[in-house]
>>> print(open('query.tsv').read())   # TSV, C-alpha atoms
chain	number	residue	atom	x	y	z
A	1	MET	CA	9.45	36.14	8.21
A	2	SER	CA	12.65	38.03	7.45
A	3	ILE	CA	15.22	36.87	4.88
A	4	GLU	CA	17.73	36.46	7.72
A	5	ASP	CA	15.34	34.15	9.62
A	6	LYS	CA	14.80	32.03	6.51
A	7	GLN	CA	18.54	31.78	5.90
A	8	ARG	CA	19.13	30.77	9.53
A	9	LEU	CA	16.54	28.03	9.28
A	10	GLN	CA	18.02	26.75	6.04
A	11	ARG	CA	21.55	26.75	7.53
A	12	ASN	CA	20.96	25.36	11.00
A	13	ASP	CA	17.51	24.05	11.75
A	14	ARG	CA	15.03	21.57	10.44
A	15	VAL	CA	11.56	23.07	10.63
A	16	THR	CA	9.51	21.03	13.11
A	17	ILE	CA	5.98	21.17	14.43
A	18	ARG	CA	7.33	23.15	17.38
A	19	THR	CA	8.87	25.71	15.00
A	20	VAL	CA	5.46	26.10	13.35
A	21	ALA	CA	3.73	26.47	16.72
A	22	LYS	CA	6.18	29.17	17.86
A	23	HIS	CA	5.89	31.06	14.58
A	24	ALA	CA	2.09	30.94	14.67
A	25	GLY	CA	1.97	31.86	18.37
A	26	VAL	CA	-0.01	28.76	19.30
A	27	SER	CA	0.63	25.47	21.10
A	28	VAL	CA	2.04	22.31	19.52
A	29	ALA	CA	-1.28	20.63	20.31
A	30	ALA	CA	-3.11	23.31	18.32
A	31	VAL	CA	-0.87	22.74	15.28
A	32	SER	CA	-1.44	19.01	15.61
A	33	LYS	CA	-5.22	19.48	15.70
A	34	VAL	CA	-5.16	21.59	12.55
A	35	MET	CA	-3.00	19.04	10.75
A	36	ARG	CA	-5.30	16.20	11.80
A	37	ASN	CA	-8.36	18.25	10.88
A	38	ALA	CA	-9.64	17.61	14.42
A	39	TYR	CA	-13.16	18.61	15.41
A	40	GLY	CA	-13.64	22.06	16.93
A	41	VAL	CA	-10.75	23.91	15.26
A	42	SER	CA	-11.72	27.52	14.58
A	43	GLU	CA	-11.13	29.12	11.19
A	44	GLY	CA	-8.91	31.72	12.82
A	45	LEU	CA	-6.65	29.06	14.32
A	46	ARG	CA	-6.61	27.11	11.07
A	47	ALA	CA	-5.57	30.23	9.15
A	48	LYS	CA	-2.74	31.00	11.60
A	49	VAL	CA	-1.33	27.49	11.45
A	50	THR	CA	-1.65	26.94	7.71
A	51	GLY	CA	-0.11	30.37	7.11
A	52	ALA	CA	2.89	29.47	9.29
A	53	ILE	CA	3.25	26.10	7.56
A	54	GLU	CA	3.33	27.73	4.13
A	55	GLU	CA	5.69	30.50	5.20
A	56	LEU	CA	8.16	28.12	6.85
A	57	GLY	CA	7.89	25.49	4.15
A	58	TYR	CA	7.12	22.86	6.79
A	59	ARG	CA	7.06	19.25	5.59
A	60	PRO	CA	5.60	16.93	8.25
A	61	SER	CA	7.47	13.75	9.02
A	62	ARG	CA	5.87	10.46	8.17
A	63	ALA	CA	4.84	9.99	11.80
A	64	ALA	CA	3.21	13.40	12.02
A	65	ARG	CA	1.35	13.41	8.72
A	66	GLY	CA	-2.39	13.24	8.70
A	67	LEU	CA	-2.37	9.58	7.80
A	68	ARG	CA	-5.64	7.79	8.44
A	69	GLY	CA	-4.29	4.23	8.59
A	70	ARG	CA	-3.08	2.49	11.73
A	71	SER	CA	0.51	2.67	12.91
A	72	PHE	CA	0.07	-0.51	15.00
A	73	THR	CA	1.90	1.25	17.81
A	74	ILE	CA	0.62	1.69	21.36
A	75	GLY	CA	2.02	4.29	23.73
A	76	VAL	CA	2.60	3.35	27.38
A	77	LEU	CA	3.09	6.32	29.70
A	78	LEU	CA	4.65	5.73	33.13
A	79	ILE	CA	4.96	8.40	35.80
A	80	ASP	CA	7.94	6.97	37.71
A	81	ILE	CA	10.23	4.28	36.32
A	82	ARG	CA	11.82	3.72	39.77
A	83	ASN	CA	8.81	1.83	41.11
A	84	PRO	CA	9.67	-1.91	41.07
A	85	PHE	CA	6.03	-2.73	40.39
A	86	LEU	CA	6.06	-1.25	36.87
A	87	PRO	CA	8.16	-3.89	35.07
A	88	GLU	CA	5.39	-6.40	35.76
A	89	VAL	CA	2.80	-4.10	34.16
A	90	ILE	CA	5.04	-3.63	31.11
A	91	ALA	CA	5.59	-7.40	30.89
A	92	GLY	CA	1.83	-7.87	30.82
A	93	VAL	CA	1.46	-5.31	28.04
A	94	ASN	CA	4.22	-6.86	25.95
A	95	GLY	CA	2.86	-10.36	26.52
A	96	VAL	CA	-0.43	-9.45	24.86
A	97	LEU	CA	1.16	-7.39	22.11
A	98	ALA	CA	3.53	-10.24	21.20
A	99	LEU	CA	0.51	-12.14	19.90
A	100	SER	CA	-0.76	-9.16	17.90
A	101	HIS	CA	0.47	-6.80	15.17
A	102	TYR	CA	1.04	-4.02	17.72
A	103	GLN	CA	4.20	-2.90	19.46
A	104	ALA	CA	4.66	-0.67	22.50
A	105	MET	CA	6.54	2.60	22.82
A	106	ILE	CA	7.23	3.70	26.40
A	107	GLY	CA	7.42	7.25	27.75
A	108	VAL	CA	8.30	8.31	31.32
A	109	SER	CA	6.89	11.55	32.70
A	110	ASP	CA	8.96	11.61	35.92
A	111	ALA	CA	5.82	12.53	37.91
A	112	ARG	CA	5.57	15.95	36.25
A	113	VAL	CA	2.16	16.98	34.89
A	114	GLN	CA	3.60	19.31	32.24
A	115	LEU	CA	5.86	16.56	30.90
A	116	GLU	CA	3.02	14.07	31.07
A	117	THR	CA	0.86	16.34	28.92
A	118	SER	CA	3.68	16.92	26.45
A	119	LEU	CA	4.36	13.19	26.09
A	120	ILE	CA	0.69	12.43	25.42
A	121	GLU	CA	0.60	15.14	22.77
A	122	SER	CA	3.75	13.72	21.18
A	123	MET	CA	2.28	10.22	21.15
A	124	ILE	CA	-0.82	11.57	19.41
A	125	ASP	CA	1.37	13.47	16.94
A	126	TYR	CA	3.24	10.27	16.13
A	127	LYS	CA	-0.07	8.68	15.16
A	128	MET	CA	-0.06	5.98	17.81
A	129	ASP	CA	-3.25	3.93	17.77
A	130	GLY	CA	-3.93	4.10	21.50
A	131	LEU	CA	-2.46	4.93	24.89
A	132	ILE	CA	-2.12	3.13	28.22
A	133	LEU	CA	-1.58	5.65	31.01
A	134	VAL	CA	-0.20	4.09	34.20
A	135	ALA	CA	-1.19	6.07	37.32
A	136	PRO	CA	-1.56	9.39	35.46
A	137	ARG	CA	-1.46	12.64	37.44
A	138	LEU	CA	-3.71	14.53	35.03
A	139	PRO	CA	-7.32	15.28	36.03
A	140	SER	CA	-10.11	13.27	34.43
A	141	GLU	CA	-11.36	16.12	32.26
A	142	ILE	CA	-7.95	16.52	30.61
A	143	ILE	CA	-7.63	12.79	29.97
A	144	ALA	CA	-11.15	12.85	28.50
A	145	LYS	CA	-10.12	15.60	26.08
A	146	PHE	CA	-7.19	13.54	24.89
A	147	ALA	CA	-9.47	10.50	24.66
A	148	SER	CA	-11.58	12.36	22.11
A	149	GLU	CA	-8.54	12.14	19.81
A	150	ILE	CA	-7.10	8.73	20.69
A	151	PRO	CA	-8.32	5.61	22.57
A	152	ILE	CA	-7.06	5.64	26.16
A	153	VAL	CA	-7.00	3.16	29.03
A	154	ALA	CA	-5.90	4.42	32.45
A	155	VAL	CA	-4.37	1.99	34.96
A	156	GLY	CA	-4.23	3.01	38.63
A	157	PHE	CA	-6.84	5.73	38.12
A	158	HIS	CA	-10.14	5.25	39.95
A	159	ASP	CA	-12.70	7.22	37.94
A	160	ALA	CA	-15.61	4.83	37.40
A	161	GLY	CA	-17.69	7.71	36.04
A	162	ALA	CA	-15.43	8.35	33.04
A	163	THR	CA	-17.21	7.85	29.73
A	164	ALA	CA	-14.51	8.87	27.23
A	165	PHE	CA	-11.83	6.43	28.39
A	166	ASP	CA	-11.53	3.07	30.15
A	167	THR	CA	-9.97	2.25	33.53
A	168	VAL	CA	-8.34	-0.93	34.79
A	169	ASN	CA	-7.57	-1.14	38.50
A	170	ALA	CA	-6.92	-3.41	41.40
A	171	ASP	CA	-9.47	-2.65	44.12
A	172	ASP	CA	-7.09	-0.49	46.15
A	173	GLN	CA	-9.58	0.18	48.94
A	174	CYS	CA	-10.07	-3.56	49.32
A	175	GLY	CA	-6.29	-4.14	49.25
A	176	ALA	CA	-5.74	-1.72	52.14
A	177	GLU	CA	-8.53	-3.38	54.10
A	178	ILE	CA	-6.90	-6.79	53.55
A	179	ALA	CA	-3.62	-5.40	54.94
A	180	VAL	CA	-5.28	-4.02	58.08
A	181	GLU	CA	-7.26	-7.22	58.64
A	182	ALA	CA	-4.03	-9.27	58.37
A	183	LEU	CA	-2.34	-7.09	61.00
A	184	LEU	CA	-5.37	-7.36	63.29
A	185	ALA	CA	-5.41	-11.13	62.85
A	186	CYS	CA	-1.79	-11.24	64.04
A	187	GLY	CA	-2.77	-9.36	67.19
A	188	TYR	CA	-1.60	-5.87	66.26
A	189	ARG	CA	-3.90	-2.97	67.10
A	190	ASP	CA	-1.47	-0.08	67.21
A	191	ILE	CA	-1.38	0.33	63.42
A	192	GLU	CA	-0.38	3.29	61.27
A	193	MET	CA	-0.31	3.90	57.52
A	194	LEU	CA	2.67	5.38	55.72
A	195	SER	CA	1.39	7.32	52.71
A	196	LEU	CA	2.44	10.08	50.32
A	197	GLY	CA	2.10	13.81	51.00
A	198	GLU	CA	-1.21	15.53	50.32
A	199	ARG	CA	0.06	17.11	47.10
A	200	GLU	CA	1.21	13.79	45.62
A	201	GLY	CA	-2.16	12.25	44.79
A	202	HIS	CA	-5.74	13.17	43.92
A	203	GLN	CA	-8.93	11.43	45.03
A	204	VAL	CA	-8.91	8.97	42.11
A	205	SER	CA	-5.26	8.00	42.67
A	206	VAL	CA	-4.24	4.67	44.19
A	207	VAL	CA	-2.68	6.52	47.14
A	208	ARG	CA	-5.91	8.14	48.26
A	209	GLN	CA	-7.96	4.99	47.56
A	210	ARG	CA	-5.67	2.98	49.84
A	211	GLU	CA	-6.05	5.62	52.55
A	212	ILE	CA	-9.84	5.29	52.30
A	213	GLY	CA	-9.62	1.52	52.69
A	214	PHE	CA	-7.21	1.82	55.62
A	215	ARG	CA	-9.49	4.19	57.52
A	216	ARG	CA	-12.57	2.07	56.82
A	217	ALA	CA	-10.92	-1.14	58.10
A	218	MET	CA	-9.65	0.60	61.22
A	219	GLN	CA	-13.09	2.06	61.93
A	220	ARG	CA	-14.68	-1.36	61.47
A	221	ALA	CA	-12.25	-2.71	64.08
A	222	GLY	CA	-13.23	0.04	66.51
A	223	LEU	CA	-9.93	1.87	65.99
A	224	GLY	CA	-11.19	4.74	63.86
A	225	SER	CA	-10.15	7.40	66.36
A	226	SER	CA	-6.60	6.02	66.38
A	227	ALA	CA	-6.04	5.42	62.68
A	228	PRO	CA	-3.17	7.81	61.94
A	229	ILE	CA	-1.72	8.25	58.47
A	230	SER	CA	1.84	9.59	58.27
A	231	LYS	CA	2.58	11.53	55.08
A	232	ILE	CA	6.00	11.38	53.46
A	233	PRO	CA	7.35	13.72	50.76
A	234	ILE	CA	8.09	12.33	47.32
A	235	ALA	CA	11.53	13.88	46.89
A	236	GLN	CA	14.83	12.89	48.47
A	237	PRO	CA	16.43	13.59	50.91
A	238	LYS	CA	13.25	14.58	52.80
A	239	ARG	CA	11.64	11.25	51.97
A	240	GLU	CA	14.28	9.24	53.83
A	241	GLU	CA	14.53	11.83	56.62
A	242	THR	CA	10.80	11.50	57.28
A	243	MET	CA	11.09	7.71	57.51
A	244	ARG	CA	13.98	8.00	59.97
A	245	LYS	CA	11.89	10.30	62.15
A	246	PHE	CA	9.02	7.82	61.96
A	247	LEU	CA	11.28	4.98	63.14
A	248	SER	CA	12.77	7.16	65.91
A	249	ARG	CA	9.44	8.22	67.39
A	250	LYS	CA	8.78	7.33	71.02
A	251	ASN	CA	5.16	6.66	70.09
A	252	ARG	CA	6.03	4.61	67.02
A	253	PRO	CA	3.25	2.10	66.25
A	254	ARG	CA	3.71	-1.66	66.52
A	255	ALA	CA	2.67	-2.18	62.90
A	256	VAL	CA	2.69	-0.15	59.71
A	257	PHE	CA	0.95	-0.48	56.36
A	258	CYS	CA	2.97	1.20	53.59
A	259	TRP	CA	1.16	2.52	50.54
A	260	SER	CA	3.79	0.90	48.26
A	261	ASP	CA	6.67	-1.58	48.33
A	262	LEU	CA	8.75	1.32	47.04
A	263	ASP	CA	8.69	2.89	50.51
A	264	ALA	CA	8.18	-0.28	52.54
A	265	ILE	CA	11.50	-1.69	51.31
A	266	THR	CA	13.29	1.56	52.15
A	267	LEU	CA	11.67	1.47	55.59
A	268	LEU	CA	12.94	-2.09	56.16
A	269	SER	CA	16.47	-1.05	55.18
A	270	LEU	CA	16.44	1.94	57.53
A	271	ALA	CA	14.96	-0.15	60.33
A	272	MET	CA	17.84	-2.61	60.06
A	273	GLU	CA	20.34	0.25	60.06
A	274	MET	CA	18.72	1.84	63.14
A	275	GLY	CA	18.36	-1.39	65.12
A	276	VAL	CA	14.57	-1.63	64.84
A	277	ARG	CA	13.70	-5.33	64.62
A	278	VAL	CA	11.12	-6.45	62.07
A	279	PRO	CA	8.61	-7.79	62.98
A	280	GLU	CA	9.53	-8.00	66.70
A	281	ASP	CA	9.54	-4.19	67.13
A	282	LEU	CA	7.64	-3.22	63.99
A	283	ALA	CA	5.51	-5.35	61.65
A	284	VAL	CA	5.42	-4.09	58.04
A	285	ILE	CA	3.08	-4.75	55.10
A	286	GLY	CA	3.75	-3.18	51.70
A	287	TYR	CA	1.67	-2.94	48.55
A	288	ASP	CA	2.39	-4.29	45.02
A	289	ASN	CA	4.18	-7.57	45.81
A	290	SER	CA	7.09	-6.47	43.65
A	291	SER	CA	9.87	-8.91	42.77
A	292	THR	CA	12.14	-7.13	45.25
A	293	ALA	CA	9.71	-7.81	48.10
A	294	ALA	CA	10.12	-11.56	47.55
A	295	LEU	CA	13.92	-11.53	47.90
A	296	GLY	CA	15.13	-13.51	50.90
A	297	LEU	CA	16.96	-10.58	52.46
A	298	VAL	CA	13.83	-8.39	52.14
A	299	ASN	CA	10.99	-10.85	52.85
A	300	LEU	CA	8.33	-8.16	52.79
A	301	ALA	CA	4.69	-9.09	53.29
A	302	SER	CA	2.78	-7.29	50.58
A	303	ILE	CA	-0.57	-6.87	48.87
A	304	ASP	CA	-0.43	-8.50	45.45
A	305	GLN	CA	-2.39	-6.66	42.77
A	306	SER	CA	-0.90	-8.73	39.94
A	307	GLY	CA	0.78	-6.05	37.86
A	308	ARG	CA	1.28	-8.44	34.96
A	309	GLU	CA	-2.43	-9.18	34.82
A	310	LEU	CA	-3.26	-5.47	35.06
A	311	GLY	CA	-1.03	-4.88	32.02
A	312	GLN	CA	-2.64	-7.74	30.12
A	313	VAL	CA	-6.20	-6.63	30.85
A	314	ALA	CA	-5.40	-2.99	30.04
A	315	THR	CA	-3.89	-3.97	26.68
A	316	ARG	CA	-6.82	-6.17	25.67
A	317	THR	CA	-9.20	-3.40	26.74
A	318	LEU	CA	-7.32	-0.83	24.67
A	319	ILE	CA	-7.25	-3.03	21.57
A	320	SER	CA	-11.01	-3.49	21.81
A	321	ARG	CA	-11.35	0.33	21.95
A	322	ILE	CA	-9.12	0.70	18.91
A	323	GLU	CA	-11.23	-1.84	17.06
A	324	GLY	CA	-14.39	0.15	17.55
A	325	ARG	CA	-15.90	-0.30	21.01
A	326	THR	CA	-17.37	3.01	22.21
A	327	SER	CA	-18.92	2.28	25.60
A	328	ALA	CA	-16.59	2.80	28.57
A	329	GLU	CA	-15.37	-0.15	30.62
A	330	HIS	CA	-14.18	0.06	34.23
A	331	ILE	CA	-12.53	-3.16	35.32
A	332	PHE	CA	-11.64	-4.14	38.90
A	333	GLN	CA	-9.35	-6.93	40.07
A	334	ILE	CA	-9.35	-8.21	43.63
A	335	PRO	CA	-5.91	-8.10	45.32
A	336	SER	CA	-4.61	-10.61	47.87
A	337	LEU	CA	-2.02	-10.76	50.65
A	338	VAL	CA	1.32	-12.52	50.27
A	339	SER	CA	2.48	-13.10	53.84
A	340	ARG	CA	6.21	-13.02	54.61
A	341	SER	CA	8.39	-12.59	57.68
A	342	SER	CA	7.97	-8.79	57.94
A	343	LEU	CA	4.42	-9.49	59.14
A	344	THR	CA	5.03	-12.15	61.78
A	345	ARG	CA	7.46	-14.80	62.92
A	346	SER	CA	6.85	-17.68	65.26
A	347	GLY	CA	7.16	-16.31	68.78
A	348	SER	CA	7.04	-12.65	67.69
A	349	ALA	CA	5.73	-10.22	70.27
A	350	LYS	CA	2.30	-8.91	69.37
A	351	GLY	CA	-0.34	-6.61	70.73
A	352	ALA	CA	-0.52	-2.91	71.31
>>> encode(input="query.tsv", output="structure tokens")
Amino acid sequence: MSIEDKQRLQRNDRVTIRTVAKHAGVSVAAVSKVMRNAYGVSEGLRAKVTGAIEELGYRPSRAARGLRGRSFTIGVLLIDIRNPFLPEVIAGVNGVLALSHYQAMIGVSDARVQLETSLIESMIDYKMDGLILVAPRLPSEIIAKFASEIPIVAVGFHDAGATAFDTVNADDQCGAEIAVEALLACGYRDIEMLSLGEREGHQVSVVRQREIGFRRAMQRAGLGSSAPISKIPIAQPKREETMRKFLSRKNRPRAVFCWSDLDAITLLSLAMEMGVRVPEDLAVIGYDNSSTAALGLVNLASIDQSGRELGQVATRTLISRIEGRTSAEHIFQIPSLVSRSSLTRSGSAKGA
């Protein structure tokens, strides 16, 4: 390091773990592993990092030191804070933690894998005792690698074969089947699902699990060949444009199952604006039973997966991991339907 570089650092910048990583030519995660003396660190990597630390005069913060005691802090990582279902999950987490010595720190990844990875690494660096990942986008093998460093529970992530981390889920396939069966019971047979685009979910995600349940219920009813799933993009304005096109279609179905209240509520709003009567012209069932769905002006029928209970169970499961449990647990909760006026009204027209 040149004298000028040292003077610049002394004048303007506090040396951080990222400064060390850049100087050593390695990732922040690699620096963190060396500092924690993590398993599998090569001597070459250790030499690079320790050399950079000495040269820069890096002094780790209290949170980033290789302390072995507990911080009594749990990280909660959300992928999209806009979803009205998430406050219930957080309330469940906080409800359990209020009776313990732990507190929660929340991070939002904004549905970006790179940011999600960075936030997890930061939570590990800050010596959090465990992580609750809500609907993570990362593949199982990456989560498993992180789980070798910190206890992890994934919510809304259907990987029952995971051994390094735990999962807590509502049975999303079952929830979708319940929605289809409710529509069939009301006399609707022309039913479609409104889901997210192919790139917005992997096989273990709640989106794809709900699609599986939808198709299975439709096939069981003898409607397998006419079980269409419309895909909507995640970003605006294309998201709303796609819903408008759906509502404007000449072959629009008589009933729709939306993968989430997040889109079902938007669909109801657009339907009102466009003069599509609900449920007379279009019956709608959402998923999550969010607080917004229950509002009188919304009155959205929805599948209730009890977000508060999911948060409670996930937190208890994580604490048991922190306290020494090593065998993986994969917990399922059975969802239920909350029927409201978007599904049927007395005298509503039904049928195909």
>>> residues_around(input="query.tsv", residues="segment 138-142 of chain A", least_positions_apart="4", cutoff="8 Å", atoms="only C-alpha atoms", output="list in words")
Val113, Glu116, Thr117, Phe146, Asp159 and Ala162 of chain A
>>> closest_atom_pairs(input="query.tsv", of="segment 185-236 of chain A", to="segment 265-284 of chain A", cutoff="10 Å", atoms="all atoms listed in the file", output="tab-separated table")
residue	atom	partner	partner_atom	distance
A:Cys186	CA	A:Ala283	CA	9.7
A:Tyr188	CA	A:Ala283	CA	8.5
A:Ile191	CA	A:Ala283	CA	9.1
A:Glu192	CA	A:Val284	CA	9.9
A:Met193	CA	A:Val284	CA	9.8
A:Leu194	CA	A:Leu267	CA	9.8
>>> closest_residue(input="query.tsv", among="A:Leu119, A:Pro84, A:Lys127, A:Ile79", to="Met35 of chain A", atoms="all atoms listed in the file")
A:Lys127
>>> atom_distance(input="query.tsv", atom1="atom CA of Arg18 of chain A", atom2="atom CA of Gln114 of chain A")
15.8 Å
>>> atom_distance(input="query.tsv", atom1="atom CA of Glu211 of chain A", atom2="atom CA of Ala255 of chain A")
15.6 Å
>>> residues_near_point(input="query.tsv", point="(-1.4, -8.9, 49.5)", cutoff="7 Å", atoms="only C-alpha atoms", output="VMD selection string")
chain A and resid 175 179 287 289 302 to 304 335 to 338
>>> write_last_selection(input="query.tsv", atoms="C-alpha atoms", output="JSON list (two decimals), keeping the file's coordinate frame")
[["chain", "number", "residue", "atom", "x", "y", "z"],
["A", 175, "GLY", "CA", -6.29, -4.14, 49.25],
["A", 179, "ALA", "CA", -3.62, -5.40, 54.94],
["A", 287, "TYR", "CA", 1.67, -2.94, 48.55],
["A", 289, "ASN", "CA", 4.18, -7.57, 45.81],
["A", 302, "SER", "CA", 2.78, -7.29, 50.58],
["A", 303, "ILE", "CA", -0.57, -6.87, 48.87],
["A", 304, "ASP", "CA", -0.43, -8.50, 45.45],
["A", 335, "PRO", "CA", -5.91, -8.10, 45.32],
["A", 336, "SER", "CA", -4.61, -10.61, 47.87],
["A", 337, "LEU", "CA", -2.02, -10.76, 50.65],
["A", 338, "VAL", "CA", 1.32, -12.52, 50.27]]
>>> residues_around(input="query.tsv", residues="Asn299 of chain A", least_positions_apart="3", cutoff="9 Å", atoms="all atoms listed in the file", output="VMD selection string")
chain A and resid 292 to 296 339 to 342
>>> atom_distance(input="query.tsv", atom1="atom CA of Met128 of chain A", atom2="atom CA of Ile152 of chain A")
10.9 Å
>>> closest_residue(input="query.tsv", among="A:Ile81, A:Ile232, A:Ala47, A:Leu183", to="Gly197 of chain A", atoms="only C-alpha atoms")
A:Ile232
>>> closest_residue(input="query.tsv", among="A:Lys33, A:Ile90, A:Leu223, A:His158", to="Ile124 of chain A", atoms="all atoms listed in the file")
A:Lys33
>>> closest_residue(input="query.tsv", among="A:Ala52, A:Asn94, A:Ile120, A:Asp172", to="Ala147 of chain A", atoms="all atoms listed in the file")
A:Ile120
>>> closest_residue(input="query.tsv", among="A:Val313, A:Val204, A:Val298, A:Leu247", to="Ala91 of chain A", atoms="all atoms listed in the file")
A:Val313
>>> axis_aligned_box(input="query.tsv", around="segment 121-131 of chain A", padding_each_side="4 Å", output="lines of an AutoDock Vina configuration file")
center_x = -0.1
center_y = 9.5
center_z = 20.0
size_x = 15.7
size_y = 19.2
size_z = 17.7
>>> residues_around(input="query.tsv", residues="Thr242 of chain A", least_positions_apart="6", cutoff="10 Å", atoms="only C-alpha atoms", output="tab-separated table (two decimals) with C-alpha atoms, in the frame of the given file")
chain	number	residue	atom	x	y	z
A	230	SER	CA	1.84	9.59	58.27
A	231	LYS	CA	2.58	11.53	55.08
A	232	ILE	CA	6.00	11.38	53.46
A	233	PRO	CA	7.35	13.72	50.76
A	236	GLN	CA	14.83	12.89	48.47
A	248	SER	CA	12.77	7.16	65.91
>>> closest_residue(input="query.tsv", among="A:Val180, A:Ala21, A:Ile74, A:Val134", to="Gly307 of chain A", atoms="all atoms listed in the file")
A:Val134
>>> decode(input="query.tsv", residues="segment 175-188 of chain A", atoms="C-alpha atoms", output="compact mmCIF listing (two decimals), in the first residue's frame")
# COMPACT_ATOMS: atom_id res chain seq x y z
CA GLY A 175 -54.42 -24.36 -0.14
CA ALA A 176 -54.76 -24.10 -3.92
CA GLU A 177 -56.86 -27.25 -3.98
CA ILE A 178 -59.16 -25.78 -1.31
CA ALA A 179 -59.62 -22.66 -3.48
CA VAL A 180 -60.53 -24.69 -6.58
CA GLU A 181 -62.90 -26.93 -4.62
CA ALA A 182 -64.66 -23.84 -3.20
CA LEU A 183 -65.17 -22.43 -6.70
CA LEU A 184 -66.47 -25.78 -7.95
CA ALA A 185 -68.85 -26.00 -5.00
CA CYS A 186 -70.29 -22.61 -6.00
CA GLY A 187 -70.96 -23.94 -9.50
CA TYR A 188 -68.02 -22.42 -11.35
